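Trainee: I'd like to ask some things about the structure below.
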There are 2 protein chains.
Amino acid sequence: MNGAESLIRTLVDAGVDVCFANPGTTEMPMVRAIDETTGMRAVLCLFEGVCTGAADGYARMAEKPGLTLLHLGPGFANGIAYLHDARRARSPIINLIGEHATWHLAADAPLTSDIESLARPVTAWLRRNKSAEELAADIAEAIEAASIKPGRIATLIIPHDCQMDAANGPVAVRAIAPPPKVSEDSINQAVEALRRDEPRVLFLGGYALRERGLKAAARVAAATGCKLMCETFPARWERGAGTPVIERLPYFPEAAMAAISSYGSVVLAGAKPPVSFFGYPGAPSYIISPEQRTSVLATPEEDVADALGSLAEALDAPLSIDRNTIVQTPPRPSGQSERITPETLSAAVAALLPENAIVMDESNTSMGPFLTMSQSAAGHTLLTQPGGAIGLGPPCATGAAIACPDRIVINLQADGSAMYTLQALWTQAREKLNVKTVICNNRSYRILGIELMRAGAKEVGNQAQSLIGLTQPAIDWVSLAKGMGVPGARVETAGDLARELERSLAEAGPQLIEAML
Amino acid sequence: MNGAESLIRTLVDAGVDVCFANPGTTEMPMVRAIDETTGMRAVLCLFEGVCTGAADGYARMAEKPGLTLLHLGPGFANGIAYLHDARRARSPIINLIGEHATWHLAADAPLTSDIESLARPVTAWLRRNKSAEELAADIAEAIEAASIKPGRIATLIIPHDCQMDAANGPVAVRAIAPPPKVSEDSINQAVEALRRDEPRVLFLGGYALRERGLKAAARVAAATGCKLMCETFPARWERGAGTPVIERLPYFPEAAMAAISSYGSVVLAGAKPPVSFFGYPGAPSYIISPEQRTSVLATPEEDVADALGSLAEALDAPLSIDRNTIVQTPPRPSGQSERITPETLSAAVAALLPENAIVMDESNTSMGPFLTMSQSAAGHTLLTQPGGAIGLGPPCATGAAIACPDRIVINLQADGSAMYTLQALWTQAREKLNVKTVICNNRSYRILGIELMRAGAKEVGNQAQSLIGLTQPAIDWVSLAKGMGVPGARVETAGDLARELERSLAEAGPQLIEAML
């Protein structure tokens with residue numbers, strides 16, 4: 001057995017058995033080991049950003065590490081943006097990076113670069129393997145490092161000769177330590193804060209927004225009458241019918257402050273204190289003002305679901321509650337020839353959302369009303385983009401679909417962002433994934449027009465307009481999808497949108513709908 | 001005047017007046033400054049890898065810095081791969097990276113990351129601007145750092161508030177120091193080496209392959225009878241009719257050693273000692289053996305064109321020589337229904353190459369015979385990929401076309417690599433560039449199949465094949481091009497290929513030909 005085989009076997013034995021890959025020459029022994037080992041599924045992505053974004057989506061849904069196989073420094077570099085997003089999402093990810101043979105490094109061959117410097121900003125655990133014999137132990141440690149809940153990024157750099165040399169065999173991964181429990185004190189402080197005679201809000205993030213956390217949060221709200229609010233870009237949020245109504249913190253700092261400033265007491269559960277996405281002159285970095293009393297029930301690294309359960313018990317909260325005040329499915333928009341707008345688009349998707357769908361939302365400015373409208377839709381999982389590196393949507397949807405083959409994935413996708421990672425459509429076609437992509441085609445980086453106005457521009461000049469507008473030429477998404485084997489349709493009215501969405505949901509495999517806003 | 005305006009004005013005054021951009025919120029003051037300043041041309045690219053690759057192509061052809069405008073760490077990260085290539089090409093590049101406002105950094109907002117750590121591996125000059133008042137001086141220094149021949153990469157990180165605060169005005173860039181001249185000793189040693197009574201080779205790289213260097217190299221060859229050879233992946237090589245015949249060092253180490261081992265004396269002129277692209281068991285890192293006598297006329301950082309001129313003088317070389325032994329234009333392939341193969345494809349392109357074309361060659365395994373066949377073609381500039389980060393072709397061709405609007409750019413492009421940066425086609429359409437892309441569609445990462453066999457794999461298993469083959473689904477490049485506003489045609493025979501190529505060369509604007517190998 002060589003180093004590469006001991007590596008792949010250790011991964012498979014630990015249940016890490018899907019690899020999002022774009023290998024090159026220095027990874028060939030790992031490719032051969034995947035070939036010769038039973039149990040590892042290799043998924044080819046035609047650009048490394050698709051590998052890392054898919055690993056993120058996979059990890060969020062599978063709740064185990066997403067694995068990538070990348071080629072040297074430049075191949076890894078192409079994946080950094082979505083590792084940045086995965087780091088903010090606290091997703092468990094393991095990157096395998098092939099490297100030149102140890103004896104060849106000094107020659108400074110063309111593809112040589114400082115991989116560690118590139119990896120450090122997005123990696124919690126980083127190691128350069130030194131020999132084939134240590135490779136299985138190295139990857140076992142990487143699996144352990146990545147798997148500590150909620151999740152971290154581990155990166156292992158593996159020289160070509162270490163992959164090929166003789167090794168002893170796979171290594172068993174130790175039991176993963178559970179996330180730390182919160183102290184009695186934190187729970188008592190939260191009890192006190194939520195019993196104050198003033199408006200109170202329980203501010204949720206991370207694992208608080210998954211099933212166990214939500215059940216407990218609903219009990220806490222029922223017992224105390226506190227408001228439930230959550231971070232602006234949750235990594236994963238179980239919502240729709242049967243889940244508690246939670247208000248999402250708005251994006252812009254003025255609106256965010258307006259939404260939360262009336263609460264004298266804020267209890268953070270699995271969320272960091274929210275900050276403005278960007279620093280705007282005149283607006284503060286931190287959304288919660290120093291006048292508001294803030295207490296921390298659980299940090300994102302602590303066991304927030306358990307902490308919420310203990311809090312509910314400490315509050316003598318009822319065990320069973322009507323967790324959703326809205327029970328009616330959102331109505332399908334009736335105006336067949338209505339224009340597609342953020343409102344009609346959001347309404348159509350909310351109304352037609354199939355039971356148990358996964359929604360990857362990177363619609364940015366195009367579907368503002370969707371979160372409110374889908375609150376009472378069929379139960380679904382929402383994935384968003386906690387790190388702000390645009391283009392995560394298509395790969396993240398791809399990885400989620402591989403993690404959950406029995407669920408339909410709907411990718412609500414802004415056009416400008418989609419251009420970053422359109423290659424993901426090819427992997428969706430190859431793997432026959434049930435990903436339905438709705439391209440919100442507004443022919444612009446609309447957020448930048450908004451930001452220019454916010455920055456006080458009276459008018460947008462030609463040069464600035466040329467950096468915002470995605471016209472000249474207009475992008476034809478149906479042709480792009482066709483080029484990668486994904487059937488597509490363009491729709492111009494709300495009625496056609498609803499019809500196409502229904503049709504595509506009924507068919508197996510990937511589909512793309514280009515909604516012209 | 002604010003910081004951003006002082007920055008843009010300093011750039012324009014120094015002649016750095018084209019900016020390949022994908023800005024975001026933190027770059028809005030720079031976008032406004034571009035809008036309000038006369039003389040800066042902003043070119044929008046829909047993915048940052050297109051920005052950096054285009055800046056590289058532009059810099060190689062314009063012989064002045066290529067400028068990029070990128071958004072924070074993740075936006076910069078998307079451009080790293082082609083900055084890696086640009087670093088190996090020794091292209092002058094200036095990256096402007098917007099950063100959060102200084103006062104907002106501590107809040108660790110979603111897009112915050114360690115930009116310096118990401119930038120260091122690809123950057124020779126790196127600075128974080130500290131105030132609006134220093135911004136003009138910082139960029140002036142960046143321009144100077146990048147412009148030192150042959151060229152370096154300079155990166156300036158610019159906080160949002162420093163762009164907006166008041167500044168004094170633009171700063172004049174000091175005269176750029178010429179590259180260092182080589183010593184008398186280096187020339188004497190080269191004279192001695194090239195007069196030895198054994199096979200001798202003058203091994204060229206960098207600026208030796210541009211007009212002045214080539215003229216002098218031809219004189220040296222005429223005077224001494226030495227062989228002319230060049231590095232495997234030159235950044236820029238003036239070739240075809242009227243230029244000396246130069247053999248390119250083969251790619252694989254066994255072939256490279258076979259090509260050069262018979263020369264007892266090797267004189268390096270603007271090239272580093274060649275090394276194997278990858279380290280293969282049993283093959284050495286360095287192509288030139290220790291038994292061969294190697295001397296260095298000029299390093300890549302020294303003034304190699306001047307050194308070659310001095311060498312020619314020292315050798316009393318004739319001033320005017322017949323620099324090309326082959327004068328006949330390569331014949332156009334006659335078999336109209338012949339299959340498209342590396343041979344027929346190469347022959348067609350070589351025969352139809354228009355005078356003064358720029359050829360960006362990222363054809364990888366698909367056009368092996370092209371370099372030999374095009375040796376006697378119409379005079380042209382060849383650009384290749386010195387850093388090995390695949391996907392450089394489409395953006396590099398885009399930048400070259402912007403630098404040279406009166407020349408036709410032909411991008412010979414492998415299909416797997418093209419998928420990395422297909423967004424470049426959109427910029428070609430928007431800017432109406434004369435880029436003719438020939439997609440060499442062999443439906444695979446063919447080099448990886450070759451590498452697997454070299455590594456001793458007896459057969460390619462299902463999993464390995466799934467990581468090499470680009471079928472299931474086949475990629476339809478004509479649809480992809482159409483989606484981005486570039487007219488395209490698919491050809492299946494050598495005759496149709498020649499006809500389509502002739503037609504597309506006669507039309508203005510971008511065109512794509514999908515050649516089915």
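Residues in the structure tokens are named by chain (A, B, ... in the order shown) and by number from 1 within that chain; ligands are numbered from 1 in the order shown.
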Per DSSP on the backbone, what are the helix (DSSP H, G or I) residues of segment 184-423 of chain B, as number ranges by chain?
Mentor: B: 184-194, 206-209, 211-224, 253-260, 304-314, 342-352, 364-366, 370-376, 393-403, 415-418
Trainee: Residues of chain B within 6 Å of chain A: nearest atom pair and distance (Å, one decimal) for each, counting only C-alpha atoms, sorted by chain and number, as JSON lines?
Mentor:
{"residue": "B:Val31", "atom": "CA", "partner": "A:Ala464", "partner_atom": "CA", "distance": 5.8}
{"residue": "B:Asp35", "atom": "CA", "partner": "A:Gln463", "partner_atom": "CA", "distance": 5.1}
{"residue": "B:Leu44", "atom": "CA", "partner": "A:Leu467", "partner_atom": "CA", "distance": 5.4}
{"residue": "B:Phe47", "atom": "CA", "partner": "A:Tyr420", "partner_atom": "CA", "distance": 5.5}
{"residue": "B:Pro74", "atom": "CA", "partner": "A:Ala81", "partner_atom": "CA", "distance": 4.6}
{"residue": "B:Asn78", "atom": "CA", "partner": "A:Asn78", "partner_atom": "CA", "distance": 5.6}
{"residue": "B:Ala81", "atom": "CA", "partner": "A:Pro74", "partner_atom": "CA", "distance": 4.6}
{"residue": "B:Ala101", "atom": "CA", "partner": "A:Gly279", "partner_atom": "CA", "distance": 5.8}
{"residue": "B:His104", "atom": "CA", "partner": "A:Gly279", "partner_atom": "CA", "distance": 5.4}
{"residue": "B:Ala109", "atom": "CA", "partner": "A:Phe277", "partner_atom": "CA", "distance": 5.6}
{"residue": "B:Pro110", "atom": "CA", "partner": "A:Gly387", "partner_atom": "CA", "distance": 4.8}
{"residue": "B:Leu111", "atom": "CA", "partner": "A:Gly387", "partner_atom": "CA", "distance": 5.7}
{"residue": "B:Asp114", "atom": "CA", "partner": "A:Pro121", "partner_atom": "CA", "distance": 5.6}
{"residue": "B:Ser117", "atom": "CA", "partner": "A:Ser117", "partner_atom": "CA", "distance": 5.3}
{"residue": "B:Leu118", "atom": "CA", "partner": "A:Leu118", "partner_atom": "CA", "distance": 4.8}
{"residue": "B:Pro121", "atom": "CA", "partner": "A:Asp114", "partner_atom": "CA", "distance": 5.6}
{"residue": "B:Phe277", "atom": "CA", "partner": "A:Ala109", "partner_atom": "CA", "distance": 5.6}
{"residue": "B:Gly279", "atom": "CA", "partner": "A:His104", "partner_atom": "CA", "distance": 5.4}
{"residue": "B:Ser285", "atom": "CA", "partner": "A:His104", "partner_atom": "CA", "distance": 5.8}
{"residue": "B:Gly387", "atom": "CA", "partner": "A:Pro110", "partner_atom": "CA", "distance": 4.8}
{"residue": "B:Gly388", "atom": "CA", "partner": "A:Leu111", "partner_atom": "CA", "distance": 5.7}
{"residue": "B:Ala389", "atom": "CA", "partner": "A:Pro74", "partner_atom": "CA", "distance": 5.9}
{"residue": "B:Tyr420", "atom": "CA", "partner": "A:Phe47", "partner_atom": "CA", "distance": 5.5}
{"residue": "B:Arg430", "atom": "CA", "partner": "A:Gln472", "partner_atom": "CA", "distance": 5.5}
{"residue": "B:Gly461", "atom": "CA", "partner": "A:Asp35", "partner_atom": "CA", "distance": 5.8}
{"residue": "B:Gln463", "atom": "CA", "partner": "A:Asp35", "partner_atom": "CA", "distance": 5.1}
{"residue": "B:Ala464", "atom": "CA", "partner": "A:Asp35", "partner_atom": "CA", "distance": 5.7}
{"residue": "B:Leu467", "atom": "CA", "partner": "A:Leu44", "partner_atom": "CA", "distance": 5.4}
{"residue": "B:Gln472", "atom": "CA", "partner": "A:Arg430", "partner_atom": "CA", "distance": 5.5}
{"residue": "B:Pro473", "atom": "CA", "partner": "A:Gly485", "partner_atom": "CA", "distance": 5.6}
{"residue": "B:Ile475", "atom": "CA", "partner": "A:Met484", "partner_atom": "CA", "distance": 5.3}
{"residue": "B:Asp476", "atom": "CA", "partner": "A:Gly483", "partner_atom": "CA", "distance": 4.3}
{"residue": "B:Ser479", "atom": "CA", "partner": "A:Gly483", "partner_atom": "CA", "distance": 4.8}
{"residue": "B:Leu480", "atom": "CA", "partner": "A:Leu480", "partner_atom": "CA", "distance": 4.7}
{"residue": "B:Gly483", "atom": "CA", "partner": "A:Asp476", "partner_atom": "CA", "distance": 4.3}
{"residue": "B:Met484", "atom": "CA", "partner": "A:Ile475", "partner_atom": "CA", "distance": 5.3}
{"residue": "B:Gly485", "atom": "CA", "partner": "A:Pro473", "partner_atom": "CA", "distance": 5.7}
Trainee: What is the distance between atom CA of Ala172 of chain A and atom CA of Leu7 of chain A, in Å to one decimal?
Mentor: 11.0 Å
Trainee: Please, what distance in Å, to one decimal, runs between atom CA of Gln292 of chain B and atom CA of Leu311 of chain B?
Mentor: 20.9 Å
Trainee: In Å, how far is it from atom CA of Ser289 of chain A to atom CA of Thr224 of chain A?
Mentor: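 Separating atom CA of Ser289 of chain A from atom CA of Thr224 of chain A is a distance of 22.8 Å.
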Trainee: I want to know what sits within 10 Å of Pro369 of chain A, based on only C-alpha atoms, with residues of the same chain fewer than 5 positions away left out; could you give that as a PyMOL selection string?
Mentor: chain A and resi 342-347+350+374
Trainee: Output as a VMD selection string all residues of segment 243-479 of chain B that backbone DSSP marks as strand (DSSP E).
Mentor: chain B and resid 247 to 248 265 to 269 293 to 298 357 to 362 380 to 383 409 to 414 435 to 441
Trainee: Give me a file of those residues, with N, CA, C and O atoms, as a CSV table (one decimal), in the first residue's frame.
Mentor:
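Resulting contents of selection.csv:
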chain,number,residue,atom,x,y,z
B,247,GLU,N,14.6,26.5,-31.9
B,247,GLU,CA,13.9,25.3,-31.5
B,247,GLU,C,13.4,25.5,-30.0
B,247,GLU,O,14.2,25.9,-29.2
B,248,ARG,N,12.2,25.1,-29.8
B,248,ARG,CA,11.7,25.2,-28.4
B,248,ARG,C,12.0,24.0,-27.7
B,248,ARG,O,11.9,22.9,-28.2
B,265,SER,N,28.4,22.9,-24.7
B,265,SER,CA,28.4,24.3,-24.2
B,265,SER,C,26.9,24.9,-24.3
B,265,SER,O,26.4,24.9,-25.4
B,266,VAL,N,26.5,25.4,-23.2
B,266,VAL,CA,25.1,26.0,-23.2
B,266,VAL,C,25.3,27.4,-22.6
B,266,VAL,O,25.9,27.6,-21.6
B,267,VAL,N,24.9,28.4,-23.4
B,267,VAL,CA,24.9,29.8,-22.9
B,267,VAL,C,23.5,30.3,-22.7
B,267,VAL,O,22.7,30.3,-23.6
B,268,LEU,N,23.2,30.7,-21.5
B,268,LEU,CA,21.9,31.1,-21.1
B,268,LEU,C,21.7,32.6,-21.4
B,268,LEU,O,22.5,33.4,-20.9
B,269,ALA,N,20.7,33.0,-22.1
B,269,ALA,CA,20.5,34.4,-22.4
B,269,ALA,C,19.1,34.8,-22.1
B,269,ALA,O,18.1,34.6,-22.9
B,293,ARG,N,28.8,22.3,-20.0
B,293,ARG,CA,29.4,23.6,-19.5
B,293,ARG,C,28.3,24.6,-19.8
B,293,ARG,O,28.0,24.9,-20.9
B,294,THR,N,27.8,25.2,-18.7
B,294,THR,CA,26.8,26.3,-18.8
B,294,THR,C,27.4,27.6,-18.4
B,294,THR,O,28.0,27.7,-17.4
B,295,SER,N,27.1,28.6,-19.2
B,295,SER,CA,27.5,30.0,-18.8
B,295,SER,C,26.3,30.9,-18.9
B,295,SER,O,25.4,30.6,-19.7
B,296,VAL,N,26.3,31.9,-18.1
B,296,VAL,CA,25.1,32.8,-18.1
B,296,VAL,C,25.5,34.2,-18.8
B,296,VAL,O,26.3,34.9,-18.2
B,297,LEU,N,25.0,34.4,-20.0
B,297,LEU,CA,25.2,35.7,-20.6
B,297,LEU,C,24.4,36.8,-19.9
B,297,LEU,O,24.9,37.9,-19.5
B,298,ALA,N,23.1,36.5,-19.6
B,298,ALA,CA,22.2,37.4,-18.9
B,298,ALA,C,21.2,36.6,-18.2
B,298,ALA,O,20.6,35.7,-18.8
B,357,ALA,N,-0.2,38.8,-36.7
B,357,ALA,CA,-1.2,38.3,-35.7
B,357,ALA,C,-0.5,38.1,-34.4
B,357,ALA,O,0.7,37.9,-34.3
B,358,ILE,N,-1.3,38.1,-33.3
B,358,ILE,CA,-0.8,37.7,-32.0
B,358,ILE,C,-1.5,36.3,-31.7
B,358,ILE,O,-2.7,36.2,-31.8
B,359,VAL,N,-0.7,35.3,-31.4
B,359,VAL,CA,-1.2,34.0,-31.2
B,359,VAL,C,-1.0,33.7,-29.7
B,359,VAL,O,0.1,33.6,-29.2
B,360,MET,N,-2.1,33.5,-29.0
B,360,MET,CA,-2.1,33.1,-27.6
B,360,MET,C,-2.3,31.6,-27.6
B,360,MET,O,-3.4,31.1,-27.9
B,361,ASP,N,-1.3,30.8,-27.3
B,361,ASP,CA,-1.3,29.4,-27.5
B,361,ASP,C,-1.5,28.7,-26.1
B,361,ASP,O,-0.5,28.6,-25.3
B,362,GLU,N,-2.7,28.2,-25.9
B,362,GLU,CA,-2.9,27.3,-24.7
B,362,GLU,C,-3.6,26.1,-25.3
B,362,GLU,O,-4.6,25.6,-24.7
B,380,HIS,N,4.5,36.8,-36.7
B,380,HIS,CA,3.5,36.9,-35.6
B,380,HIS,C,4.2,36.9,-34.3
B,380,HIS,O,5.3,36.6,-34.1
B,381,THR,N,3.4,37.2,-33.3
B,381,THR,CA,3.8,37.2,-31.9
B,381,THR,C,3.2,36.0,-31.2
B,381,THR,O,1.9,35.8,-31.3
B,382,LEU,N,4.0,35.2,-30.5
B,382,LEU,CA,3.4,34.0,-29.8
B,382,LEU,C,3.4,34.3,-28.3
B,382,LEU,O,4.5,34.8,-27.8
B,383,LEU,N,2.3,34.1,-27.7
B,383,LEU,CA,2.2,34.2,-26.2
B,383,LEU,C,2.0,32.8,-25.7
B,383,LEU,O,1.1,32.1,-26.2
B,409,VAL,N,-5.9,38.8,-32.9
B,409,VAL,CA,-5.5,37.9,-31.9
B,409,VAL,C,-6.1,36.5,-32.1
B,409,VAL,O,-7.4,36.4,-32.2
B,410,ILE,N,-5.3,35.5,-32.2
B,410,ILE,CA,-5.8,34.1,-32.3
B,410,ILE,C,-5.5,33.3,-31.0
B,410,ILE,O,-4.4,33.2,-30.6
B,411,ASN,N,-6.6,32.9,-30.4
B,411,ASN,CA,-6.4,32.1,-29.1
B,411,ASN,C,-6.6,30.6,-29.4
B,411,ASN,O,-7.7,30.2,-29.7
B,412,LEU,N,-5.5,29.9,-29.5
B,412,LEU,CA,-5.5,28.4,-29.7
B,412,LEU,C,-5.8,27.8,-28.3
B,412,LEU,O,-4.9,27.9,-27.4
B,413,GLN,N,-6.9,27.2,-28.1
B,413,GLN,CA,-7.3,27.0,-26.7
B,413,GLN,C,-7.9,25.6,-26.4
B,413,GLN,O,-8.8,25.2,-27.0
B,414,ALA,N,-7.2,24.9,-25.5
B,414,ALA,CA,-7.7,23.6,-25.1
B,414,ALA,C,-9.0,23.7,-24.4
B,414,ALA,O,-9.2,24.7,-23.7
B,435,VAL,N,-10.6,39.0,-31.3
B,435,VAL,CA,-10.1,37.8,-30.8
B,435,VAL,C,-10.8,36.6,-31.5
B,435,VAL,O,-12.0,36.5,-31.5
B,436,LYS,N,-10.0,35.7,-32.1
B,436,LYS,CA,-10.6,34.5,-32.8
B,436,LYS,C,-10.2,33.4,-31.9
B,436,LYS,O,-9.0,33.0,-31.9
B,437,THR,N,-11.1,32.7,-31.3
B,437,THR,CA,-10.8,31.6,-30.4
B,437,THR,C,-11.0,30.3,-31.1
B,437,THR,O,-12.1,30.1,-31.7
B,438,VAL,N,-10.0,29.5,-31.2
B,438,VAL,CA,-10.1,28.1,-31.7
B,438,VAL,C,-10.1,27.2,-30.5
B,438,VAL,O,-9.1,27.0,-29.9
B,439,ILE,N,-11.3,26.6,-30.2
B,439,ILE,CA,-11.4,25.7,-29.1
B,439,ILE,C,-11.0,24.3,-29.7
B,439,ILE,O,-11.6,23.8,-30.6
B,440,CYS,N,-9.9,23.7,-29.1
B,440,CYS,CA,-9.5,22.4,-29.5
B,440,CYS,C,-10.3,21.4,-28.6
B,440,CYS,O,-9.9,21.1,-27.5
B,441,ASN,N,-11.4,20.9,-29.1
B,441,ASN,CA,-12.3,20.1,-28.3
B,441,ASN,C,-12.0,18.6,-28.5
B,441,ASN,O,-12.4,18.0,-29.4
Trainee: Here is a test: counting only C-alpha atoms, which residue of B:Leu501, B:Ile157, B:Ala218, B:Cys162 is nearest to Ser320 of chain B?
Mentor: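 Counting only C-alpha atoms, the residue closest to Ser320 of chain B is B:Ala218.
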Trainee: Rank nothing, just name the residue among A:Ala494, A:Ile402, A:Ala489, A:Ala255 nearest to Ala62 of chain A, using only C-alpha atoms.
Mentor: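 Ranking A:Ala494, A:Ile402, A:Ala489, A:Ala255 by distance to Ala62 of chain A, first place goes to A:Ile402.
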